[in-house]
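Colleague: What follows is a single structure, and I will ask about it in a moment.
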Amino acid sequence: MENDKDKQEKNTSPDKKGMFNMQKKPKFSFYWIYGILAVVFIALQFFNSNSLKEEDKTIGWSQLSKMFIKNDIEKIVIVNKEAAEIYIKNESIAKDTTYKNIKPEGFSSTFKGKTFYIYKFITLDGFQKDITELQNKIIANDTIGKTEAEKQLIINRDPVPIAPENRRDWGSEIFGFIWPFLILILIWFVFMRMMGKGSGGGQIFNIGKSKAQLFDKDTSVSINFHDVAGLEEAKTEIIEIVDFLKNPTKYTELGGKIPKGALLVGPPGTGKTLLAKAVAGEAKVPFFSISGSDFVEMFVGVGASRVRDLFKQAKEKAPCIIFIDEIDAIGRARGKNAMTGGNDERENTLNQLLTEMDGFATNAGVIILAATNRADILDKALMRAGRFDRQIYVELPDLEERKAIFVVHMRNLKNDTSLNVEFLAKQTPGFSGADIANVCNESALIAARKGKKVIEKQDFLDAIDRIVGGLEKRNKIISLDEKKVIAFHEAGHASISWLLEHAHPLVKVTIVPRGKALGAAWYLPEERQITTSEQMLDEITAALGGRAAEQVTFGKISTGALNDLEKVTKQAYAMVVYFGLNEKIGNISYYDSSGQQEYSFSKPYSEKTAELIDQEIHFLVETAYQRAIKLLEENKDKLNSLATVLIEKEVIFREDLENIFGKRPFEKDREVDLMFEGYNNNNTNITINTELPASLPELNPKNSPDLS
């Protein structure tokens, strides 16, 4: 065992940094304050000695009369004209053992150490009158049979002294005075604990402390770059920053400086936060993680204080990395919202962040990573070089990247050995990494629901169906007339998309309700980076095919095309106003990438131009609608045949359209044919990604049907 000397040498021996490792002093805790308040409360109660205690000391008039008769009373003290303290003589206590049961009250009166009883009277005058009459009776009884001399001695005997005394209950008064303040302080502590919860223990004095979560060697992150698939370009940029932290001399020898910040920009679910987690797992340096909303509080100055505290901690642990997720919560462009005042707390927080990132003071060894999906609204001062030197765009994954993401998320799944990952990747265009993760998880749930031991290809296809279109509602009550309208509506979409060259290749059509949609058509969108006006016009025409089919077949239209009309209107507006694809408007774009128009009450064009825009949008949409009607009238018999098959089977595939319309003569369909070779109508659940249906807004208490 170690002796005291060894322990002392161990506590005072220098550590690796040359500092003496002294014994740690106990840290301050707010529970000490709670304990002190409790002690003060107990002390006040203990010194609350002036209060009249009843217990076994309260006596009645008969007992008081006996004490007078036996001449045992030394003195009576009238306390605050409320009650009388009856003090007993010491010689009477020695003679009568009943008086010994009363404990002396050391702090109760001026007669310290004396034994007393308490008699409570109704009125002071009545009590004094009763005492006088009682003493007169005692004197009269004592004089019976006595000589004149003895009578005179008895009459001249001193009566029991009665002294009034005013006492103040200092303990109760003080406690009654501070009790409301104690309640207010307690409520304040609870309120501040709730407001500052998670910040340095959630105490009132730590509300301005940073809420950043620190990951270091003691709390390492298990995710690394091998867990991040499909972001090769983004990883290349990030790996260089991590390598700089590990091997700084490799770059400083050439005169290079470490980048101060990198901004991850991309749509939701593309892996920005996952990439930051991988950096935390790979860098092997302290990593501070915090959300932009953690800086925002209802109290003025708290956000700026937390920014200062965050960078203070980071400087102490440099080299390190700070990751701010959803930085647009505090990084929005300043002065764009006229509704806020000049002392906007969010702007103060942003100003402090700008100063800390590249201000007068140096932040050597501190790298800032941030993520957002709204880079267009960020302040220009935040985006400049010297603060965020690099902007890394994390886009939606392409085919090869989706294959890699599927491989990562399928590692822990029990899959069928015949499952083709490339097949799944081709069926999920436009899916983000989060969507693919959801597909893998949903497929496992579907397989488990069916009691399978492994996850098969069909389970993945059903999962894609479930995520894109929603849950099937086969028990939804639909009349025969409505079912016929839905069938012709969806057959119109399928027919137009089959007949137009630039429309997306059709994969599946169903009239089984899913989500809010009463029917849906699944397509395989072409993965392209730019779109021509011909392609957009074909897509608009195909979207209007459902309403056109209703017009051609029934001679009237329904509310089922709401989702189609919303999509078509937005697409036509984008063609005219944003993309410059209209001859009359010309090569002009009114798109604002800075987001300043969001707070503007005026349009960037005149009223005359606005009228022209409305006319061109109307002309474009109506031209596409008439084009759809013309195509369907030319192929009305095929439309009727397709709708009949759809009513019978409820779900049809591209093979059914080939049997009716023949093969499409367009080159891009050959790849689709190869992809679905070997699948026929018996596989009633094979589905591919769809652009429709979208969620339906509530027009009135009863939603209009969506026949997208």
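The chains in the structure tokens are called A, B, ... from first to last as shown; in each chain the residues are counted from 1, and the ligands are counted from 1 in the order shown.
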Any idea what's packed within 6 Å of range 438-450 of chain A, counting only C-alpha atoms, ignoring anything in its chain fewer than 3 positions away? Could you give it as a list in words?

Modeller: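 Listing them by chain and then by number gives Asp435, Ile455, Asp459, Phe460 and Ala463 of chain A.
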
Colleague: Which neighbours of Pro259 in chain A fall inside 10 Å, counting only C-alpha atoms, when residues of the same chain fewer than 3 positions from it are skipped, and could you give them as JSON, numbers by chain?

Modeller: {"A": [240, 241, 244, 256, 262, 365, 366, 367, 368, 385, 386, 387, 388, 389, 390]}

Colleague: Restricting it to N, CA and C atoms, dump the selection as a compact mmCIF listing (two decimals), in the first residue's frame.

Modeller:
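And here's out-v8.txt as it stands now:
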```
# COMPACT_ATOMS: atom_id res chain seq x y z
N GLU A 240 -8.24 16.32 -47.96
CA GLU A 240 -7.08 17.20 -47.96
C GLU A 240 -7.01 18.02 -46.68
N ILE A 241 -8.17 18.48 -46.19
CA ILE A 241 -8.17 19.23 -44.93
C ILE A 241 -7.76 18.34 -43.77
N PHE A 244 -4.12 17.78 -43.86
CA PHE A 244 -3.38 18.95 -43.41
C PHE A 244 -3.25 18.95 -41.89
N GLY A 256 2.22 26.92 -48.08
CA GLY A 256 0.77 26.87 -48.06
C GLY A 256 0.20 27.10 -46.67
N ALA A 262 -14.69 25.38 -44.78
CA ALA A 262 -15.27 24.70 -45.94
C ALA A 262 -16.77 24.61 -45.73
N GLY A 365 -5.05 27.10 -36.40
CA GLY A 365 -5.34 25.70 -36.12
C GLY A 365 -6.81 25.40 -35.94
N VAL A 366 -7.73 26.35 -36.14
CA VAL A 366 -9.16 26.12 -36.00
C VAL A 366 -9.78 26.16 -37.39
N ILE A 367 -10.36 25.04 -37.81
CA ILE A 367 -11.00 24.92 -39.13
C ILE A 367 -12.51 24.86 -38.93
N ILE A 368 -13.23 25.60 -39.76
CA ILE A 368 -14.68 25.65 -39.67
C ILE A 368 -15.28 24.83 -40.81
N ALA A 385 -13.83 34.40 -49.36
CA ALA A 385 -12.58 33.70 -49.06
C ALA A 385 -11.96 34.30 -47.80
N GLY A 386 -11.37 33.44 -47.00
CA GLY A 386 -10.84 33.87 -45.71
C GLY A 386 -11.74 33.43 -44.58
N ARG A 387 -12.99 33.19 -44.90
CA ARG A 387 -13.91 32.59 -43.92
C ARG A 387 -14.25 31.18 -44.41
N PHE A 388 -14.96 31.11 -45.51
CA PHE A 388 -15.16 29.80 -46.14
C PHE A 388 -14.39 29.80 -47.46
N ASP A 389 -13.18 29.27 -47.39
CA ASP A 389 -12.32 29.27 -48.58
C ASP A 389 -12.84 28.32 -49.65
N ARG A 390 -13.56 27.30 -49.22
CA ARG A 390 -14.02 26.29 -50.17
C ARG A 390 -15.52 26.07 -50.01
```

Colleague: List every residue of range 367-452 of chain A that has an atom at most 9 Å from any atom of range 523-542 of chain A, and for each one report the closest atom pair and its distance in Å to one decimal, counting only C-alpha atoms, with rows sorted by chain and then by increasing residue number, as a Markdown table.

Modeller:
```
| residue | atom | partner | partner_atom | distance |
| --- | --- | --- | --- | --- |
| A:Asp398 | CA | A:Glu527 | CA | 8.0 |
| A:Leu399 | CA | A:Glu527 | CA | 8.8 |
| A:Lys426 | CA | A:Leu524 | CA | 8.7 |
| A:Gln427 | CA | A:Leu524 | CA | 7.2 |
| A:Thr428 | CA | A:Leu524 | CA | 8.6 |
| A:Pro429 | CA | A:Pro525 | CA | 7.0 |
| A:Gly430 | CA | A:Glu527 | CA | 8.2 |
```

Colleague: Could you write out that same residue set with C-alpha atoms as a PDB file, in the first residue's frame?

Modeller:
```pdb
ATOM      1  CA  ASP A 398     -25.737   9.507 -60.143  1.00  0.00           C
ATOM      2  CA  LEU A 399     -26.047   5.860 -61.184  1.00  0.00           C
ATOM      3  CA  LYS A 426     -31.195   2.157 -62.117  1.00  0.00           C
ATOM      4  CA  GLN A 427     -34.664   2.196 -60.604  1.00  0.00           C
ATOM      5  CA  THR A 428     -33.960   4.994 -58.141  1.00  0.00           C
ATOM      6  CA  PRO A 429     -33.005   8.068 -60.212  1.00  0.00           C
ATOM      7  CA  GLY A 430     -33.268  11.273 -58.234  1.00  0.00           C
TER       8      GLY A 430
END
```

Colleague: Could you pull the residues within 10 Å of Ile322 in chain A, counting only C-alpha atoms, minus those fewer than 5 positions along the same chain, as a ChimeraX atom specification?

Modeller: /A:212-214,261,276,280,286-290,310-311,314,366-370

Colleague: Would you export the selected residues with N, CA, C and O atoms as a PDB file, in the first residue's frame, please?

Modeller:
```
ATOM      1  N   ALA A 212     -21.890  23.262 -27.959  1.00  0.00           N
ATOM      2  CA  ALA A 212     -21.218  22.364 -28.893  1.00  0.00           C
ATOM      3  C   ALA A 212     -20.841  21.056 -28.207  1.00  0.00           C
ATOM      4  O   ALA A 212     -20.383  21.039 -27.058  1.00  0.00           O
ATOM      5  N   GLN A 213     -21.026  19.952 -28.924  1.00  0.00           N
ATOM      6  CA  GLN A 213     -20.658  18.639 -28.424  1.00  0.00           C
ATOM      7  C   GLN A 213     -19.247  18.331 -28.881  1.00  0.00           C
ATOM      8  O   GLN A 213     -18.921  18.432 -30.069  1.00  0.00           O
ATOM      9  N   LEU A 214     -18.394  17.975 -27.946  1.00  0.00           N
ATOM     10  CA  LEU A 214     -16.982  17.749 -28.241  1.00  0.00           C
ATOM     11  C   LEU A 214     -16.729  16.266 -28.459  1.00  0.00           C
ATOM     12  O   LEU A 214     -17.119  15.426 -27.652  1.00  0.00           O
ATOM     13  N   GLY A 261     -11.976  27.501 -43.673  1.00  0.00           N
ATOM     14  CA  GLY A 261     -13.323  26.962 -43.601  1.00  0.00           C
ATOM     15  C   GLY A 261     -13.750  26.317 -44.892  1.00  0.00           C
ATOM     16  O   GLY A 261     -13.245  26.638 -45.969  1.00  0.00           O
ATOM     17  N   ALA A 276     -19.486  15.138 -42.452  1.00  0.00           N
ATOM     18  CA  ALA A 276     -18.861  15.781 -41.287  1.00  0.00           C
ATOM     19  C   ALA A 276     -18.572  14.765 -40.189  1.00  0.00           C
ATOM     20  O   ALA A 276     -17.523  14.837 -39.518  1.00  0.00           O
ATOM     21  N   ALA A 280     -14.947  13.799 -38.415  1.00  0.00           N
ATOM     22  CA  ALA A 280     -14.701  13.658 -36.974  1.00  0.00           C
ATOM     23  C   ALA A 280     -14.049  12.322 -36.652  1.00  0.00           C
ATOM     24  O   ALA A 280     -13.207  12.232 -35.749  1.00  0.00           O
ATOM     25  N   PRO A 286      -9.621  17.155 -31.832  1.00  0.00           N
ATOM     26  CA  PRO A 286     -10.895  17.566 -31.218  1.00  0.00           C
ATOM     27  C   PRO A 286     -11.864  18.108 -32.259  1.00  0.00           C
ATOM     28  O   PRO A 286     -11.506  18.903 -33.120  1.00  0.00           O
ATOM     29  N   PHE A 287     -13.101  17.684 -32.151  1.00  0.00           N
ATOM     30  CA  PHE A 287     -14.134  18.021 -33.134  1.00  0.00           C
ATOM     31  C   PHE A 287     -15.347  18.549 -32.389  1.00  0.00           C
ATOM     32  O   PHE A 287     -15.955  17.839 -31.592  1.00  0.00           O
ATOM     33  N   PHE A 288     -15.684  19.822 -32.618  1.00  0.00           N
ATOM     34  CA  PHE A 288     -16.848  20.448 -31.987  1.00  0.00           C
ATOM     35  C   PHE A 288     -18.010  20.423 -32.971  1.00  0.00           C
ATOM     36  O   PHE A 288     -17.888  20.920 -34.093  1.00  0.00           O
ATOM     37  N   SER A 289     -19.129  19.866 -32.558  1.00  0.00           N
ATOM     38  CA  SER A 289     -20.312  19.785 -33.413  1.00  0.00           C
ATOM     39  C   SER A 289     -21.451  20.567 -32.769  1.00  0.00           C
ATOM     40  O   SER A 289     -21.755  20.383 -31.583  1.00  0.00           O
ATOM     41  N   ILE A 290     -22.084  21.452 -33.551  1.00  0.00           N
ATOM     42  CA  ILE A 290     -23.162  22.283 -33.040  1.00  0.00           C
ATOM     43  C   ILE A 290     -24.087  22.639 -34.192  1.00  0.00           C
ATOM     44  O   ILE A 290     -23.667  22.681 -35.353  1.00  0.00           O
ATOM     45  N   LEU A 310     -17.558  29.264 -27.873  1.00  0.00           N
ATOM     46  CA  LEU A 310     -17.200  28.148 -28.744  1.00  0.00           C
ATOM     47  C   LEU A 310     -15.795  28.318 -29.297  1.00  0.00           C
ATOM     48  O   LEU A 310     -14.978  27.380 -29.257  1.00  0.00           O
ATOM     49  N   PHE A 311     -15.482  29.491 -29.791  1.00  0.00           N
ATOM     50  CA  PHE A 311     -14.153  29.713 -30.357  1.00  0.00           C
ATOM     51  C   PHE A 311     -13.084  29.771 -29.260  1.00  0.00           C
ATOM     52  O   PHE A 311     -11.924  29.423 -29.510  1.00  0.00           O
ATOM     53  N   ALA A 314     -12.325  26.220 -28.703  1.00  0.00           N
ATOM     54  CA  ALA A 314     -11.604  25.667 -29.853  1.00  0.00           C
ATOM     55  C   ALA A 314     -10.145  26.102 -29.861  1.00  0.00           C
ATOM     56  O   ALA A 314      -9.250  25.306 -30.182  1.00  0.00           O
ATOM     57  N   VAL A 366      -7.727  26.352 -36.139  1.00  0.00           N
ATOM     58  CA  VAL A 366      -9.157  26.120 -36.003  1.00  0.00           C
ATOM     59  C   VAL A 366      -9.784  26.155 -37.390  1.00  0.00           C
ATOM     60  O   VAL A 366      -9.741  27.178 -38.078  1.00  0.00           O
ATOM     61  N   ILE A 367     -10.365  25.036 -37.813  1.00  0.00           N
ATOM     62  CA  ILE A 367     -10.997  24.925 -39.129  1.00  0.00           C
ATOM     63  C   ILE A 367     -12.510  24.857 -38.934  1.00  0.00           C
ATOM     64  O   ILE A 367     -13.001  24.132 -38.062  1.00  0.00           O
ATOM     65  N   ILE A 368     -13.230  25.604 -39.763  1.00  0.00           N
ATOM     66  CA  ILE A 368     -14.685  25.650 -39.673  1.00  0.00           C
ATOM     67  C   ILE A 368     -15.281  24.831 -40.808  1.00  0.00           C
ATOM     68  O   ILE A 368     -14.963  25.056 -41.984  1.00  0.00           O
ATOM     69  N   LEU A 369     -16.136  23.870 -40.448  1.00  0.00           N
ATOM     70  CA  LEU A 369     -16.961  23.158 -41.426  1.00  0.00           C
ATOM     71  C   LEU A 369     -18.411  23.562 -41.178  1.00  0.00           C
ATOM     72  O   LEU A 369     -18.835  23.679 -40.028  1.00  0.00           O
ATOM     73  N   ALA A 370     -19.128  23.791 -42.256  1.00  0.00           N
ATOM     74  CA  ALA A 370     -20.538  24.149 -42.120  1.00  0.00           C
ATOM     75  C   ALA A 370     -21.327  23.465 -43.219  1.00  0.00           C
ATOM     76  O   ALA A 370     -20.782  23.118 -44.272  1.00  0.00           O
TER      77      ALA A 370
END
```

Colleague: Record the distance separating CA of Trp61 in chain A and CA of Ala163 in chain A, expressed in Å with one decimal.

Modeller: 18.8 Å

Colleague: To one decimal in Å, tell me the separation between CA of Gly515 in chain A and CA of Ile467 in chain A.

Modeller: 10.3 Å

Colleague: Work out how far CA of Asp325 in chain A is from CA of Pro268 in chain A, in Å to one decimal.

Modeller: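 Spanning CA of Pro268 in chain A to CA of Asp325 in chain A is a straight-line distance of 12.1 Å.
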
Colleague: Going by DSSP on the backbone, which residues of range 437-560 of chain A come out as helix (DSSP H, G or I)? List them as a ChimeraX atom specification.

Modeller: /A:437-449,457-469,480-499,533-543,545-554,559-560

Colleague: So, with only C-alpha atoms as the atoms that count, which of A:Gly292, A:Gly451, A:Gly271, A:Gly469 lies closest to Ile405 in chain A?

Modeller: A:Gly271

Colleague: Counting only C-alpha atoms, which residue out of A:Val285, A:Val265, A:Ile138, A:Ala574 sits closest to Ala371 in chain A?

Modeller: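 Going through A:Val285, A:Val265, A:Ile138, A:Ala574 one by one, the smallest distance to Ala371 in chain A is for A:Val265.
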
Colleague: Need the shell around Glu395 in chain A: protein/DNA/RNA residues with any atom at most 9 Å away, counting only C-alpha atoms. Skip same-chain ones fewer than 5 positions apart. Format as a list in words?

Modeller: Leu231, Val265, Gly266, Pro267, Thr270 and Ser432 of chain A

Colleague: For the selection just defined, write its residues with all heavy atoms to a file, as a PDB file, in the first residue's frame.

Modeller:
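again-v2.pdb was written with the following content:
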```pdb
ATOM      1  N   LEU A 231     -19.736  10.178 -52.783  1.00  0.00           N
ATOM      2  CA  LEU A 231     -19.338  11.585 -52.674  1.00  0.00           C
ATOM      3  C   LEU A 231     -17.832  11.708 -52.897  1.00  0.00           C
ATOM      4  O   LEU A 231     -17.112  12.286 -52.080  1.00  0.00           O
ATOM      5  CB  LEU A 231     -19.722  12.148 -51.295  1.00  0.00           C
ATOM      6  CG  LEU A 231     -21.204  12.087 -50.914  1.00  0.00           C
ATOM      7  CD1 LEU A 231     -21.399  12.558 -49.485  1.00  0.00           C
ATOM      8  CD2 LEU A 231     -22.033  12.931 -51.855  1.00  0.00           C
ATOM      9  N   VAL A 265     -22.574  22.290 -49.371  1.00  0.00           N
ATOM     10  CA  VAL A 265     -23.832  22.770 -49.927  1.00  0.00           C
ATOM     11  C   VAL A 265     -24.471  21.657 -50.742  1.00  0.00           C
ATOM     12  O   VAL A 265     -23.796  20.985 -51.533  1.00  0.00           O
ATOM     13  CB  VAL A 265     -23.617  24.008 -50.819  1.00  0.00           C
ATOM     14  CG1 VAL A 265     -24.948  24.514 -51.350  1.00  0.00           C
ATOM     15  CG2 VAL A 265     -22.890  25.099 -50.053  1.00  0.00           C
ATOM     16  N   GLY A 266     -25.758  21.442 -50.570  1.00  0.00           N
ATOM     17  CA  GLY A 266     -26.442  20.425 -51.349  1.00  0.00           C
ATOM     18  C   GLY A 266     -27.861  20.213 -50.877  1.00  0.00           C
ATOM     19  O   GLY A 266     -28.253  20.695 -49.807  1.00  0.00           O
ATOM     20  N   PRO A 267     -28.659  19.479 -51.649  1.00  0.00           N
ATOM     21  CA  PRO A 267     -30.046  19.200 -51.263  1.00  0.00           C
ATOM     22  C   PRO A 267     -30.116  18.379 -49.976  1.00  0.00           C
ATOM     23  O   PRO A 267     -29.129  17.765 -49.555  1.00  0.00           O
ATOM     24  CB  PRO A 267     -30.596  18.412 -52.466  1.00  0.00           C
ATOM     25  CG  PRO A 267     -29.644  18.658 -53.581  1.00  0.00           C
ATOM     26  CD  PRO A 267     -28.316  18.896 -52.959  1.00  0.00           C
ATOM     27  N   THR A 270     -28.384  14.381 -48.870  1.00  0.00           N
ATOM     28  CA  THR A 270     -27.287  13.970 -49.748  1.00  0.00           C
ATOM     29  C   THR A 270     -26.035  13.556 -48.989  1.00  0.00           C
ATOM     30  O   THR A 270     -25.085  13.088 -49.615  1.00  0.00           O
ATOM     31  CB  THR A 270     -26.940  15.098 -50.727  1.00  0.00           C
ATOM     32  OG1 THR A 270     -26.735  16.317 -50.000  1.00  0.00           O
ATOM     33  CG2 THR A 270     -28.058  15.304 -51.731  1.00  0.00           C
ATOM     34  N   SER A 432     -31.854  10.522 -53.069  1.00  0.00           N
ATOM     35  CA  SER A 432     -30.689  10.938 -52.292  1.00  0.00           C
ATOM     36  C   SER A 432     -30.175   9.767 -51.463  1.00  0.00           C
ATOM     37  O   SER A 432     -30.795   8.686 -51.432  1.00  0.00           O
ATOM     38  CB  SER A 432     -31.055  12.104 -51.371  1.00  0.00           C
ATOM     39  OG  SER A 432     -32.009  11.689 -50.404  1.00  0.00           O
TER      40      SER A 432
END
```

Colleague: Which of these, A:Ile183, A:Ile617, A:Ala487, A:Ala375, has the shortest distance to Ile511 in chain A once you count only C-alpha atoms?

Modeller: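 Ranking A:Ile183, A:Ile617, A:Ala487, A:Ala375 by distance to Ile511 in chain A, first place goes to A:Ala487.
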
Colleague: A:Pro319, A:Lys380, A:Ala83, A:Glu148: which is nearest Arg332 in chain A, counting only C-alpha atoms?

Modeller: A:Lys380

Colleague: Using only C-alpha atoms for the distances, tell me which of A:Ile238, A:Ile330, A:Ile392, A:Ala84 is nearest to Gly60 in chain A.

Modeller: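 For Gly60 in chain A, the nearest of the candidates is A:Ala84.
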
Colleague: Using only C-alpha atoms, which protein or nucleic acid residues come within 7 Å of Val651 in chain A? Drop anything in the same chain fewer than 4 positions from it, and give the result as a list in words.

Modeller: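 Close residues of Val651 in chain A: Val509, Thr510, Ile511, Leu646 and Thr684 of chain A.
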
Colleague: Sort by chain and increasing residue number a table of all residues of range 429-517 of chain A within 12 Å of range 626-629 of chain A, each with its closest pair of atoms and their distance in Å to one decimal, counting only C-alpha atoms, and write it as a tab-separated table.

Modeller:
```
residue	atom	partner	partner_atom	distance
A:Gly492	CA	A:Ala628	CA	8.7
A:His493	CA	A:Ala628	CA	9.5
A:Ala494	CA	A:Ala628	CA	11.6
A:Ser495	CA	A:Ala628	CA	9.6
A:Ile496	CA	A:Ala628	CA	6.8
A:Ser497	CA	A:Ala628	CA	10.0
A:Trp498	CA	A:Ala628	CA	11.9
A:Leu499	CA	A:Ala628	CA	10.0
A:Leu500	CA	A:Ala628	CA	9.9
```

Colleague: For the residues selected in the previous step, produce a file with all heavy atoms as a tab-separated table (two decimals), in the first residue's frame.

Modeller:
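Okay, selection.tsv is ready:
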```tsv
chain	number	residue	atom	x	y	z
A	492	GLY	N	-54.65	8.13	-70.35
A	492	GLY	CA	-54.26	9.30	-71.13
A	492	GLY	C	-52.82	9.68	-70.88
A	492	GLY	O	-52.06	9.99	-71.82
A	493	HIS	N	-52.40	9.67	-69.60
A	493	HIS	CA	-50.99	9.94	-69.28
A	493	HIS	C	-50.09	8.93	-69.99
A	493	HIS	O	-49.08	9.30	-70.61
A	493	HIS	CB	-50.76	9.85	-67.77
A	493	HIS	CG	-51.24	11.04	-67.01
A	493	HIS	ND1	-50.84	12.32	-67.28
A	493	HIS	CD2	-52.10	11.14	-65.95
A	493	HIS	CE1	-51.41	13.16	-66.44
A	493	HIS	NE2	-52.19	12.46	-65.62
A	494	ALA	N	-50.44	7.66	-69.88
A	494	ALA	CA	-49.61	6.61	-70.44
A	494	ALA	C	-49.54	6.71	-71.97
A	494	ALA	O	-48.47	6.55	-72.57
A	494	ALA	CB	-50.14	5.25	-70.02
A	495	SER	N	-50.65	7.01	-72.60
A	495	SER	CA	-50.68	7.07	-74.06
A	495	SER	C	-49.84	8.22	-74.58
A	495	SER	O	-49.03	8.05	-75.51
A	495	SER	CB	-52.13	7.21	-74.55
A	495	SER	OG	-52.92	6.12	-74.11
A	496	ILE	N	-49.99	9.41	-74.00
A	496	ILE	CA	-49.24	10.58	-74.47
A	496	ILE	C	-47.75	10.39	-74.25
A	496	ILE	O	-46.92	10.68	-75.13
A	496	ILE	CB	-49.73	11.85	-73.77
A	496	ILE	CG1	-51.19	12.13	-74.14
A	496	ILE	CG2	-48.87	13.05	-74.14
A	496	ILE	CD1	-51.42	12.40	-75.60
A	497	SER	N	-47.37	9.89	-73.06
A	497	SER	CA	-45.94	9.68	-72.80
A	497	SER	C	-45.36	8.62	-73.72
A	497	SER	O	-44.17	8.65	-74.04
A	497	SER	CB	-45.74	9.27	-71.33
A	497	SER	OG	-46.38	8.04	-71.07
A	498	TRP	N	-46.18	7.67	-74.18
A	498	TRP	CA	-45.69	6.63	-75.09
A	498	TRP	C	-45.51	7.18	-76.51
A	498	TRP	O	-44.61	6.76	-77.23
A	498	TRP	CB	-46.68	5.47	-75.10
A	498	TRP	CG	-46.14	4.23	-75.75
A	498	TRP	CD1	-46.28	3.86	-77.05
A	498	TRP	CD2	-45.36	3.23	-75.13
A	498	TRP	NE1	-45.65	2.67	-77.28
A	498	TRP	CE2	-45.06	2.25	-76.11
A	498	TRP	CE3	-44.87	3.03	-73.84
A	498	TRP	CZ2	-44.32	1.11	-75.84
A	498	TRP	CZ3	-44.13	1.90	-73.57
A	498	TRP	CH2	-43.86	0.96	-74.56
A	499	LEU	N	-46.34	8.15	-76.88
A	499	LEU	CA	-46.33	8.66	-78.25
A	499	LEU	C	-45.34	9.81	-78.46
A	499	LEU	O	-45.01	10.12	-79.61
A	499	LEU	CB	-47.73	9.13	-78.64
A	499	LEU	CG	-48.82	8.04	-78.69
A	499	LEU	CD1	-50.19	8.67	-78.87
A	499	LEU	CD2	-48.53	7.04	-79.80
A	500	LEU	N	-44.88	10.44	-77.39
A	500	LEU	CA	-43.97	11.58	-77.52
A	500	LEU	C	-42.54	11.14	-77.30
A	500	LEU	O	-42.25	10.35	-76.39
A	500	LEU	CB	-44.34	12.68	-76.52
A	500	LEU	CG	-45.71	13.34	-76.72
A	500	LEU	CD1	-45.96	14.38	-75.64
A	500	LEU	CD2	-45.80	13.99	-78.10
```

Colleague: To test your reading of the structure, identify every residue in range 280-370 of chain A that backbone DSSP assigns to strand (DSSP E or B), and report it as a list in words.

Modeller: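 Going through range 280-370 of chain A, the strand (DSSP E or B) residues come out as Phe287, Phe288, Ser289, Ile290, Ser291, Cys320, Ile321, Ile322, Phe323, Ile324, Asp325, Arg332, Val366, Ile367, Ile368, Leu369 and Ala370 of chain A.
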